[in-house]
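Peer 1: What follows is start-v7.csv; its format and atoms are CSV, C-alpha atoms.
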chain,number,residue,atom,x,y,z
A,837,ASP,CA,87.1,-6.3,33.9
A,838,SER,CA,87.4,-7.1,37.6
A,839,SER,CA,84.2,-5.3,38.7
A,840,MET,CA,81.5,-7.1,40.6
A,841,ASP,CA,78.1,-7.4,38.9
A,842,ALA,CA,74.9,-9.2,40.0
A,843,ASP,CA,75.7,-12.4,38.1
A,844,ARG,CA,79.2,-12.7,39.7
A,845,LEU,CA,77.8,-12.1,43.1
A,846,SER,CA,75.1,-14.7,42.6
A,847,SER,CA,77.6,-17.2,41.4
A,848,ARG,CA,79.8,-16.6,44.5
A,849,LEU,CA,76.8,-17.0,46.8
A,850,GLN,CA,75.9,-20.3,45.2
A,851,LEU,CA,79.4,-21.6,45.7
A,852,LEU,CA,79.4,-20.4,49.3
A,853,GLY,CA,76.2,-22.2,49.9
A,854,GLN,CA,77.6,-25.5,48.4
A,855,MET,CA,80.6,-25.3,50.6
A,856,GLU,CA,78.6,-24.6,53.7
A,857,ARG,CA,76.2,-27.5,53.0
A,858,SER,CA,79.1,-29.9,52.7
A,859,GLY,CA,80.6,-29.0,56.1
A,860,THR,CA,79.6,-29.8,59.6
A,861,ARG,CA,77.3,-27.2,61.2
A,862,ILE,CA,78.8,-25.3,64.1
A,863,ALA,CA,76.2,-25.2,66.8
A,864,VAL,CA,77.0,-21.9,68.5
A,865,GLN,CA,75.2,-18.6,68.7
A,866,ALA,CA,78.1,-16.8,66.9
A,867,ALA,CA,77.7,-19.0,63.9
A,868,ASP,CA,74.0,-18.1,63.6
A,869,ALA,CA,74.9,-14.4,63.9
A,870,ILE,CA,77.1,-14.7,60.8
A,871,ASP,CA,74.1,-15.7,58.7
A,872,GLU,CA,72.1,-12.7,59.9
A,873,ILE,CA,75.0,-10.3,59.4
A,874,ARG,CA,75.7,-11.7,55.9
A,875,SER,CA,72.0,-11.4,55.0
A,876,ARG,CA,71.9,-7.7,56.1
A,877,ALA,CA,75.1,-6.9,54.2
A,878,LEU,CA,73.8,-8.5,51.0
A,879,GLY,CA,70.6,-6.6,51.3
A,880,MET,CA,72.5,-3.4,51.7
A,881,ILE,CA,74.8,-3.8,48.7
A,882,GLY,CA,71.9,-5.0,46.5
A,883,SER,CA,69.7,-2.0,47.3
A,884,ASP,CA,69.2,1.0,45.0
A,885,SER,CA,70.3,3.4,47.6
A,886,ALA,CA,73.7,1.6,48.0
A,887,SER,CA,74.3,1.6,44.3
A,888,GLU,CA,73.5,5.3,44.1
A,889,ALA,CA,75.9,6.0,47.1
A,890,PHE,CA,78.8,4.3,45.3
A,891,ASP,CA,78.2,6.1,42.0
A,892,LEU,CA,80.7,8.9,42.1
A,893,THR,CA,79.6,10.2,38.7
A,894,ARG,CA,76.7,11.8,40.5
A,895,GLU,CA,79.2,14.3,41.9
A,896,SER,CA,80.2,17.4,40.0
A,897,ASP,CA,83.7,17.6,38.4
A,898,SER,CA,84.5,20.5,40.8
A,899,VAL,CA,83.8,18.3,43.9
A,900,ARG,CA,85.7,15.4,42.6
A,901,ASN,CA,88.6,17.6,41.7
A,902,ARG,CA,88.5,19.2,45.2
A,903,TYR,CA,89.0,15.8,46.8
A,904,GLY,CA,91.6,14.8,44.2
A,905,ARG,CA,91.5,12.5,41.2
A,906,HIS,CA,93.4,9.7,43.0
A,907,SER,CA,92.6,6.8,45.3
A,908,TRP,CA,93.0,9.0,48.4
A,909,GLY,CA,90.6,11.6,47.1
A,910,GLN,CA,87.9,9.5,45.5
A,911,SER,CA,87.8,7.1,48.5
A,912,HIS,CA,87.3,10.1,50.9
A,913,LEU,CA,84.5,11.4,48.6
A,914,LEU,CA,82.9,8.0,48.7
A,915,ALA,CA,83.2,8.1,52.5
A,916,ARG,CA,81.2,11.3,52.6
A,917,ARG,CA,78.5,9.8,50.3
A,918,LEU,CA,78.2,6.7,52.5
A,919,VAL,CA,77.8,8.9,55.6
A,920,GLU,CA,75.1,10.8,53.8
A,921,ALA,CA,73.4,7.5,52.9
A,922,GLY,CA,73.3,6.5,56.6
A,923,CYS,CA,76.3,4.2,56.8
A,924,ARG,CA,77.5,4.0,60.4
A,925,PHE,CA,81.1,3.0,59.9
A,926,VAL,CA,83.3,3.8,56.9
A,927,THR,CA,87.0,3.1,56.2
A,928,THR,CA,88.7,5.0,53.4
A,929,VAL,CA,91.1,3.2,51.1
A,930,ASN,CA,94.3,5.1,50.4
A,931,GLY,CA,96.0,2.4,48.3
A,932,PRO,CA,97.6,-0.8,49.6
A,933,SER,CA,98.5,-0.4,53.3
A,934,ILE,CA,102.1,-1.4,52.4
A,935,THR,CA,102.4,1.9,50.5
A,936,TRP,CA,103.0,3.7,53.8
A,937,ASP,CA,105.6,1.2,54.9
A,938,THR,CA,108.6,3.4,54.2
A,939,HIS,CA,111.6,1.3,55.1
A,940,LYS,CA,113.3,2.9,52.1
A,941,ASP,CA,113.4,6.5,50.8
A,942,ASN,CA,111.1,7.6,53.6
A,943,PHE,CA,111.5,11.4,53.3
A,944,ASN,CA,111.1,11.6,49.5
A,945,GLN,CA,108.2,9.2,49.5
A,946,LEU,CA,106.3,11.1,52.2
A,947,LYS,CA,107.0,14.6,50.8
A,948,ASN,CA,106.3,13.8,47.1
A,949,ARG,CA,104.0,10.8,46.9
A,950,LEU,CA,102.2,10.0,50.1
A,951,VAL,CA,101.4,13.1,52.1
A,952,PRO,CA,100.1,15.6,49.5
A,953,PRO,CA,97.2,13.5,48.2
A,954,MET,CA,96.3,12.4,51.7
A,955,GLU,CA,96.2,15.9,53.0
A,956,GLN,CA,94.1,17.1,50.0
A,957,ALA,CA,91.6,14.3,50.6
A,958,TYR,CA,91.4,14.6,54.3
A,959,THR,CA,90.9,18.4,54.4
A,960,ALA,CA,88.3,18.2,51.6
A,961,LEU,CA,86.4,15.6,53.6
A,962,LEU,CA,86.4,17.7,56.8
A,963,ASP,CA,85.4,20.8,54.9
A,964,ASP,CA,82.7,19.0,53.0
A,965,LEU,CA,81.2,17.4,56.1
A,966,GLN,CA,81.0,20.8,57.8
A,967,GLU,CA,79.4,22.4,54.8
A,968,ARG,CA,76.8,19.7,54.6
A,969,GLY,CA,76.0,19.7,58.3
A,970,LEU,CA,77.4,16.3,58.9
A,971,TYR,CA,80.6,17.1,60.8
A,972,GLU,CA,79.1,17.3,64.3
A,973,GLN,CA,77.6,13.8,63.9
A,974,THR,CA,80.6,12.1,62.4
A,975,VAL,CA,83.7,11.1,64.3
A,976,VAL,CA,86.7,11.2,61.9
A,977,ILE,CA,89.8,9.2,62.7
A,978,TRP,CA,93.2,9.4,60.9
A,979,MET,CA,95.7,6.9,62.4
A,980,GLY,CA,98.0,3.9,61.8
A,981,ASP,CA,98.8,1.0,64.0
A,982,PHE,CA,102.4,1.9,64.9
A,983,GLY,CA,105.0,4.7,64.5
A,984,ARG,CA,108.4,4.8,62.8
A,985,THR,CA,111.8,4.4,64.3
A,986,PRO,CA,113.5,7.6,65.4
A,987,LYS,CA,116.7,6.2,63.9
A,988,ILE,CA,117.1,6.4,60.1
A,989,ASN,CA,118.2,3.1,58.6
A,990,ALA,CA,120.8,2.5,55.9
A,991,ASP,CA,118.2,2.9,53.1
A,992,ALA,CA,117.1,6.3,54.2
A,993,GLY,CA,114.0,4.7,55.7
A,994,ARG,CA,112.3,4.3,59.0
A,995,ASP,CA,111.3,0.9,60.4
A,996,HIS,CA,108.4,-0.2,62.7
A,997,TRP,CA,108.2,1.5,66.1
A,998,PRO,CA,105.3,0.8,68.5
A,999,GLN,CA,106.6,2.9,71.4
A,1000,CYS,CA,105.5,6.3,70.1
A,1001,TYR,CA,103.2,7.6,67.4
A,1002,SER,CA,100.5,10.1,66.7
A,1003,MET,CA,96.9,10.3,65.3
A,1004,VAL,CA,94.2,12.8,64.5
A,1005,LEU,CA,90.7,12.9,65.8
A,1006,GLY,CA,87.9,15.3,64.8
A,1007,GLY,CA,84.2,15.6,64.2
A,1008,GLY,CA,81.3,14.9,66.4
A,1009,GLY,CA,82.0,14.8,70.2
A,1010,ILE,CA,85.6,15.8,69.7
A,1011,ARG,CA,87.0,19.2,70.8
A,1012,GLY,CA,89.4,20.3,68.1
A,1013,GLY,CA,92.5,22.4,68.1
A,1014,LEU,CA,94.3,20.5,70.8
A,1015,CYS,CA,97.5,18.6,71.0
A,1016,ILE,CA,97.5,15.9,73.7
A,1017,GLY,CA,100.8,14.8,75.0
A,1018,GLU,CA,104.3,15.1,73.6
A,1019,SER,CA,107.2,12.8,72.7
A,1020,ASP,CA,110.9,13.2,73.6
A,1021,SER,CA,113.2,15.1,71.3
A,1022,THR,CA,113.7,12.2,68.9
A,1023,GLY,CA,110.1,10.9,68.9
A,1024,ALA,CA,111.2,7.7,70.5
A,1025,VAL,CA,109.0,7.6,73.6
A,1026,PRO,CA,106.2,9.7,75.2
A,1027,ARG,CA,107.6,12.5,77.4
A,1028,SER,CA,104.2,13.5,78.9
A,1029,ARG,CA,100.6,12.4,78.9
A,1030,PRO,CA,101.0,9.0,77.3
A,1031,VAL,CA,97.9,7.5,75.7
A,1032,THR,CA,97.2,3.9,74.9
A,1033,PRO,CA,95.3,2.3,72.0
A,1034,ALA,CA,92.6,1.3,74.6
A,1035,ASP,CA,92.3,5.0,75.6
A,1036,ILE,CA,91.6,5.9,72.0
A,1037,HIS,CA,88.9,3.2,71.9
A,1038,ALA,CA,87.3,4.6,75.0
A,1039,THR,CA,87.5,8.1,73.7
A,1040,VAL,CA,85.7,7.2,70.5
A,1041,PHE,CA,83.1,5.2,72.3
A,1042,ARG,CA,82.4,8.3,74.6
A,1043,ALA,CA,82.3,10.6,71.6
A,1044,LEU,CA,79.6,8.3,70.1
A,1045,GLY,CA,77.6,8.5,73.3
A,1046,TYR,CA,78.6,5.2,74.9
A,1047,GLN,CA,80.1,4.5,78.4
A,1048,ALA,CA,82.6,1.8,77.4
A,1049,ASP,CA,83.5,1.0,81.1
A,1050,GLN,CA,79.9,0.0,81.7
A,1051,MET,CA,79.6,-2.2,78.6
A,1052,THR,CA,80.4,-5.9,78.3
A,1053,TYR,CA,79.8,-8.6,75.7
A,1054,HIS,CA,79.6,-12.3,76.2
A,1055,GLN,CA,82.1,-14.8,74.7
A,1056,VAL,CA,80.7,-18.0,73.1
A,1057,ASP,CA,81.2,-19.7,76.5
A,1058,GLY,CA,79.2,-17.1,78.3
A,1059,ARG,CA,82.1,-15.2,80.0
A,1060,PRO,CA,81.5,-11.5,80.2
A,1061,MET,CA,84.2,-9.4,78.6
A,1062,PRO,CA,84.6,-5.6,78.8
A,1063,VAL,CA,84.2,-3.7,75.5
A,1064,CYS,CA,87.2,-1.6,76.4
A,1065,ASP,CA,89.6,-1.3,79.3
A,1066,GLY,CA,90.9,2.1,78.5
A,1067,ARG,CA,90.0,5.6,79.8
A,1068,PRO,CA,88.6,8.4,77.7
A,1069,ILE,CA,90.9,11.3,76.9
A,1070,THR,CA,88.6,13.9,78.7
A,1071,GLU,CA,90.5,16.9,77.3
A,1072,LEU,CA,89.4,16.0,73.8
A,1073,LEU,CA,85.8,15.4,74.6
A,1074,SER,CA,83.1,18.1,74.0
A,1075,VAL,CA,80.5,15.7,75.3
A,1076,GLY,CA,79.8,14.6,78.8
As a first step, turn the structure in this file into structure tokens.
Peer 2:
Amino acid sequence: DSSMDADRLSSRLQLLGQMERSGTRIAVQAADAIDEIRSRALGMIGSDSASEAFDLTRESDSVRNRYGRHSWGQSHLLARRLVEAGCRFVTTVNGPSITWDTHKDNFNQLKNRLVPPMEQAYTALLDDLQERGLYEQTVVIWMGDFGRTPKINADAGRDHWPQCYSMVLGGGGIRGGLCIGESDSTGAVPRSRPVTPADIHATVFRALGYQADQMTYHQVDGRPMPVCDGRPITELLSVG
């Protein structure tokens, strides 16, 4: 059984404490912040509310089936439960990230193994958030970190391609039903309205109510750094 219980967690924390005591203390503010963040995280996972949020057996069979009885579906259902419990940031788990790395048999893998469960889980999450009154206060992001080559390789696959790819944004602060920009005929490069990753960051910050271009944080040596150097995609924003 690979599950984590209280005894295993306590044992790991004792080992971590032994390792930290044997090393040299790093005298910087960032190191002190790690202790605080760790303490808060342990307090969260050890609380009754957290254990209840992670207990998917509290959901009806019909709801669990609606999301799908697979890692895509159940992780999206867990995401909704965590949002309900007050979690501010949730990442769904759709199986190992390498599962989408379709260098071989790209079209069959997408059509028959990858896309159907992901679509089921994603649409169930959006519908469920709306039905529970959580959609307008939750930004939902579906994206990867690069696209796929417009050229098909010898193994009927597509390789890594950072020049052009797409994503989906929805939920709070986002105006839905829009398609921003377009690629050329082969999906190789943007044809119009190119958007950078930094622009996505700025858009999400704005949807959450932050003016990213007015925010900075300080490095450990005191230098101020901008939170984001992108520009919000104003067409997508339903907030000011």
Peer 1: Could you name the residues that touch Gly1045 in chain A at 12 Å or less, counting all atoms listed in the file, but leaving out those on the same chain fewer than 6 positions away, as a list in words?
Peer 2: Gln973, Thr974, Val975, Gly1008, Gly1009, Ile1010, Ala1038, Thr1039, Pro1068, Leu1073, Ser1074, Val1075 and Gly1076 of chain A
Peer 1: Go ahead and write the selection's residues with C-alpha atoms as a compact mmCIF listing (two decimals), in the coordinates of the input.
Peer 2:
# COMPACT_ATOMS: atom_id res chain seq x y z
CA GLN A 973 77.60 13.80 63.90
CA THR A 974 80.60 12.10 62.40
CA VAL A 975 83.70 11.10 64.30
CA GLY A 1008 81.30 14.90 66.40
CA GLY A 1009 82.00 14.80 70.20
CA ILE A 1010 85.60 15.80 69.70
CA ALA A 1038 87.30 4.60 75.00
CA THR A 1039 87.50 8.10 73.70
CA PRO A 1068 88.60 8.40 77.70
CA LEU A 1073 85.80 15.40 74.60
CA SER A 1074 83.10 18.10 74.00
CA VAL A 1075 80.50 15.70 75.30
CA GLY A 1076 79.80 14.60 78.80
Peer 1: Between A:Pro1026, A:Gly993, A:Pro1060, A:Gly904, which is the closest to Thr959 in chain A once you count only C-alpha atoms?
Peer 2: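 Under the stated criterion, the closest residue is A:Gly904.
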Peer 1: Using all atoms listed in the file, which of the listed residues (A:Ser875, A:Ala960, A:Ile934, A:Arg917) sits closest to Glu895 in chain A?
Peer 2: A:Arg917
Peer 1: Do you know which residues are at most 9 Å from Met979 in chain A counting all atoms listed in the file, after dropping those on the same chain fewer than 6 positions away, and could you put them as a list in words?
Peer 2: Ser1002, Met1003, Val1004 and Leu1005 of chain A
Peer 1: Do a neighbour search on Gln1050 in chain A at 12 Å with only C-alpha atoms, toss out local chain neighbours closer than 5 positions, and write the hits as a compact mmCIF listing (two decimals) with C-alpha atoms, in the coordinates of the input.
Peer 2:
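Below is the file that was written, result_14.txt:
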# COMPACT_ATOMS: atom_id res chain seq x y z
CA ALA A 1038 87.30 4.60 75.00
CA PHE A 1041 83.10 5.20 72.30
CA ARG A 1042 82.40 8.30 74.60
CA PRO A 1060 81.50 -11.50 80.20
CA MET A 1061 84.20 -9.40 78.60
CA PRO A 1062 84.60 -5.60 78.80
CA VAL A 1063 84.20 -3.70 75.50
CA CYS A 1064 87.20 -1.60 76.40
CA ASP A 1065 89.60 -1.30 79.30
CA GLY A 1066 90.90 2.10 78.50
CA ARG A 1067 90.00 5.60 79.80
Peer 1: Is there a way to complete range 1028-1054 of chain A with N, CA, C and O atoms and then write that out as a PDB file, in the frame of the given file?
Peer 2:
ATOM      1  N   SER A1028     105.284  13.139  77.941  1.00  0.00           N
ATOM      2  CA  SER A1028     104.200  13.500  78.900  1.00  0.00           C
ATOM      3  C   SER A1028     102.875  13.027  78.322  1.00  0.00           C
ATOM      4  O   SER A1028     102.709  12.837  77.120  1.00  0.00           O
ATOM      5  N   ARG A1029     101.968  12.804  79.202  1.00  0.00           N
ATOM      6  CA  ARG A1029     100.600  12.400  78.900  1.00  0.00           C
ATOM      7  C   ARG A1029     100.517  11.268  77.873  1.00  0.00           C
ATOM      8  O   ARG A1029      99.924  11.388  76.806  1.00  0.00           O
ATOM      9  N   PRO A1030     101.125  10.118  78.194  1.00  0.00           N
ATOM     10  CA  PRO A1030     101.000   9.000  77.300  1.00  0.00           C
ATOM     11  C   PRO A1030      99.590   8.485  77.157  1.00  0.00           C
ATOM     12  O   PRO A1030      98.837   8.498  78.131  1.00  0.00           O
ATOM     13  N   VAL A1031      99.216   8.054  75.975  1.00  0.00           N
ATOM     14  CA  VAL A1031      97.900   7.500  75.700  1.00  0.00           C
ATOM     15  C   VAL A1031      98.006   6.176  75.049  1.00  0.00           C
ATOM     16  O   VAL A1031      98.850   5.975  74.170  1.00  0.00           O
ATOM     17  N   THR A1032      97.186   5.226  75.469  1.00  0.00           N
ATOM     18  CA  THR A1032      97.200   3.900  74.900  1.00  0.00           C
ATOM     19  C   THR A1032      96.180   3.681  73.844  1.00  0.00           C
ATOM     20  O   THR A1032      95.214   4.449  73.761  1.00  0.00           O
ATOM     21  N   PRO A1033      96.322   2.642  73.007  1.00  0.00           N
ATOM     22  CA  PRO A1033      95.300   2.300  72.000  1.00  0.00           C
ATOM     23  C   PRO A1033      93.899   2.135  72.721  1.00  0.00           C
ATOM     24  O   PRO A1033      92.875   2.552  72.177  1.00  0.00           O
ATOM     25  N   ALA A1034      93.892   1.511  73.896  1.00  0.00           N
ATOM     26  CA  ALA A1034      92.600   1.300  74.600  1.00  0.00           C
ATOM     27  C   ALA A1034      92.005   2.647  74.994  1.00  0.00           C
ATOM     28  O   ALA A1034      90.767   2.791  75.001  1.00  0.00           O
ATOM     29  N   ASP A1035      92.828   3.643  75.322  1.00  0.00           N
ATOM     30  CA  ASP A1035      92.300   5.000  75.600  1.00  0.00           C
ATOM     31  C   ASP A1035      91.653   5.608  74.410  1.00  0.00           C
ATOM     32  O   ASP A1035      90.645   6.324  74.533  1.00  0.00           O
ATOM     33  N   ILE A1036      92.224   5.356  73.239  1.00  0.00           N
ATOM     34  CA  ILE A1036      91.600   5.900  72.000  1.00  0.00           C
ATOM     35  C   ILE A1036      90.248   5.214  71.801  1.00  0.00           C
ATOM     36  O   ILE A1036      89.267   5.888  71.466  1.00  0.00           O
ATOM     37  N   HIS A1037      90.189   3.906  72.007  1.00  0.00           N
ATOM     38  CA  HIS A1037      88.900   3.200  71.900  1.00  0.00           C
ATOM     39  C   HIS A1037      87.870   3.811  72.813  1.00  0.00           C
ATOM     40  O   HIS A1037      86.730   4.094  72.412  1.00  0.00           O
ATOM     41  N   ALA A1038      88.252   4.012  74.059  1.00  0.00           N
ATOM     42  CA  ALA A1038      87.300   4.600  75.000  1.00  0.00           C
ATOM     43  C   ALA A1038      86.878   5.958  74.672  1.00  0.00           C
ATOM     44  O   ALA A1038      85.709   6.334  74.877  1.00  0.00           O
ATOM     45  N   THR A1039      87.787   6.750  74.113  1.00  0.00           N
ATOM     46  CA  THR A1039      87.500   8.100  73.700  1.00  0.00           C
ATOM     47  C   THR A1039      86.445   8.115  72.572  1.00  0.00           C
ATOM     48  O   THR A1039      85.477   8.890  72.569  1.00  0.00           O
ATOM     49  N   VAL A1040      86.662   7.245  71.587  1.00  0.00           N
ATOM     50  CA  VAL A1040      85.700   7.200  70.500  1.00  0.00           C
ATOM     51  C   VAL A1040      84.363   6.693  70.926  1.00  0.00           C
ATOM     52  O   VAL A1040      83.324   7.242  70.520  1.00  0.00           O
ATOM     53  N   PHE A1041      84.340   5.677  71.798  1.00  0.00           N
ATOM     54  CA  PHE A1041      83.100   5.200  72.300  1.00  0.00           C
ATOM     55  C   PHE A1041      82.332   6.381  73.026  1.00  0.00           C
ATOM     56  O   PHE A1041      81.126   6.584  72.829  1.00  0.00           O
ATOM     57  N   ARG A1042      83.045   7.159  73.848  1.00  0.00           N
ATOM     58  CA  ARG A1042      82.400   8.300  74.600  1.00  0.00           C
ATOM     59  C   ARG A1042      81.914   9.338  73.610  1.00  0.00           C
ATOM     60  O   ARG A1042      80.820   9.893  73.788  1.00  0.00           O
ATOM     61  N   ALA A1043      82.711   9.637  72.581  1.00  0.00           N
ATOM     62  CA  ALA A1043      82.300  10.600  71.600  1.00  0.00           C
ATOM     63  C   ALA A1043      81.007  10.184  70.882  1.00  0.00           C
ATOM     64  O   ALA A1043      80.179  11.016  70.489  1.00  0.00           O
ATOM     65  N   LEU A1044      80.844   8.886  70.733  1.00  0.00           N
ATOM     66  CA  LEU A1044      79.600   8.300  70.100  1.00  0.00           C
ATOM     67  C   LEU A1044      78.481   8.175  71.058  1.00  0.00           C
ATOM     68  O   LEU A1044      77.399   7.733  70.665  1.00  0.00           O
ATOM     69  N   GLY A1045      78.715   8.520  72.341  1.00  0.00           N
ATOM     70  CA  GLY A1045      77.600   8.500  73.300  1.00  0.00           C
ATOM     71  C   GLY A1045      77.567   7.225  74.153  1.00  0.00           C
ATOM     72  O   GLY A1045      76.561   6.991  74.827  1.00  0.00           O
ATOM     73  N   TYR A1046      78.638   6.415  74.160  1.00  0.00           N
ATOM     74  CA  TYR A1046      78.600   5.200  74.900  1.00  0.00           C
ATOM     75  C   TYR A1046      79.611   5.262  76.112  1.00  0.00           C
ATOM     76  O   TYR A1046      80.664   5.884  76.020  1.00  0.00           O
ATOM     77  N   GLN A1047      79.223   4.637  77.205  1.00  0.00           N
ATOM     78  CA  GLN A1047      80.100   4.500  78.400  1.00  0.00           C
ATOM     79  C   GLN A1047      80.769   3.150  78.303  1.00  0.00           C
ATOM     80  O   GLN A1047      80.235   2.150  78.771  1.00  0.00           O
ATOM     81  N   ALA A1048      81.949   3.111  77.707  1.00  0.00           N
ATOM     82  CA  ALA A1048      82.600   1.800  77.400  1.00  0.00           C
ATOM     83  C   ALA A1048      82.895   1.045  78.706  1.00  0.00           C
ATOM     84  O   ALA A1048      82.855  -0.193  78.702  1.00  0.00           O
ATOM     85  N   ASP A1049      83.186   1.756  79.816  1.00  0.00           N
ATOM     86  CA  ASP A1049      83.500   1.000  81.100  1.00  0.00           C
ATOM     87  C   ASP A1049      82.323   0.382  81.693  1.00  0.00           C
ATOM     88  O   ASP A1049      82.461  -0.371  82.653  1.00  0.00           O
ATOM     89  N   GLN A1050      81.135   0.655  81.169  1.00  0.00           N
ATOM     90  CA  GLN A1050      79.900   0.000  81.700  1.00  0.00           C
ATOM     91  C   GLN A1050      79.328  -0.980  80.707  1.00  0.00           C
ATOM     92  O   GLN A1050      78.226  -1.477  80.917  1.00  0.00           O
ATOM     93  N   MET A1051      80.061  -1.294  79.662  1.00  0.00           N
ATOM     94  CA  MET A1051      79.600  -2.200  78.600  1.00  0.00           C
ATOM     95  C   MET A1051      80.378  -3.470  78.577  1.00  0.00           C
ATOM     96  O   MET A1051      81.607  -3.430  78.662  1.00  0.00           O
ATOM     97  N   THR A1052      79.705  -4.573  78.452  1.00  0.00           N
ATOM     98  CA  THR A1052      80.400  -5.900  78.300  1.00  0.00           C
ATOM     99  C   THR A1052      79.686  -6.648  77.171  1.00  0.00           C
ATOM    100  O   THR A1052      78.553  -6.343  76.776  1.00  0.00           O
ATOM    101  N   TYR A1053      80.392  -7.611  76.652  1.00  0.00           N
ATOM    102  CA  TYR A1053      79.800  -8.600  75.700  1.00  0.00           C
ATOM    103  C   TYR A1053      80.164  -9.957  76.195  1.00  0.00           C
ATOM    104  O   TYR A1053      81.094 -10.133  76.978  1.00  0.00           O
ATOM    105  N   HIS A1054      79.435 -10.958  75.743  1.00  0.00           N
ATOM    106  CA  HIS A1054      79.600 -12.300  76.200  1.00  0.00           C
ATOM    107  C   HIS A1054      80.344 -13.167  75.156  1.00  0.00           C
ATOM    108  O   HIS A1054      79.961 -13.168  73.980  1.00  0.00           O
TER     109      HIS A1054
END
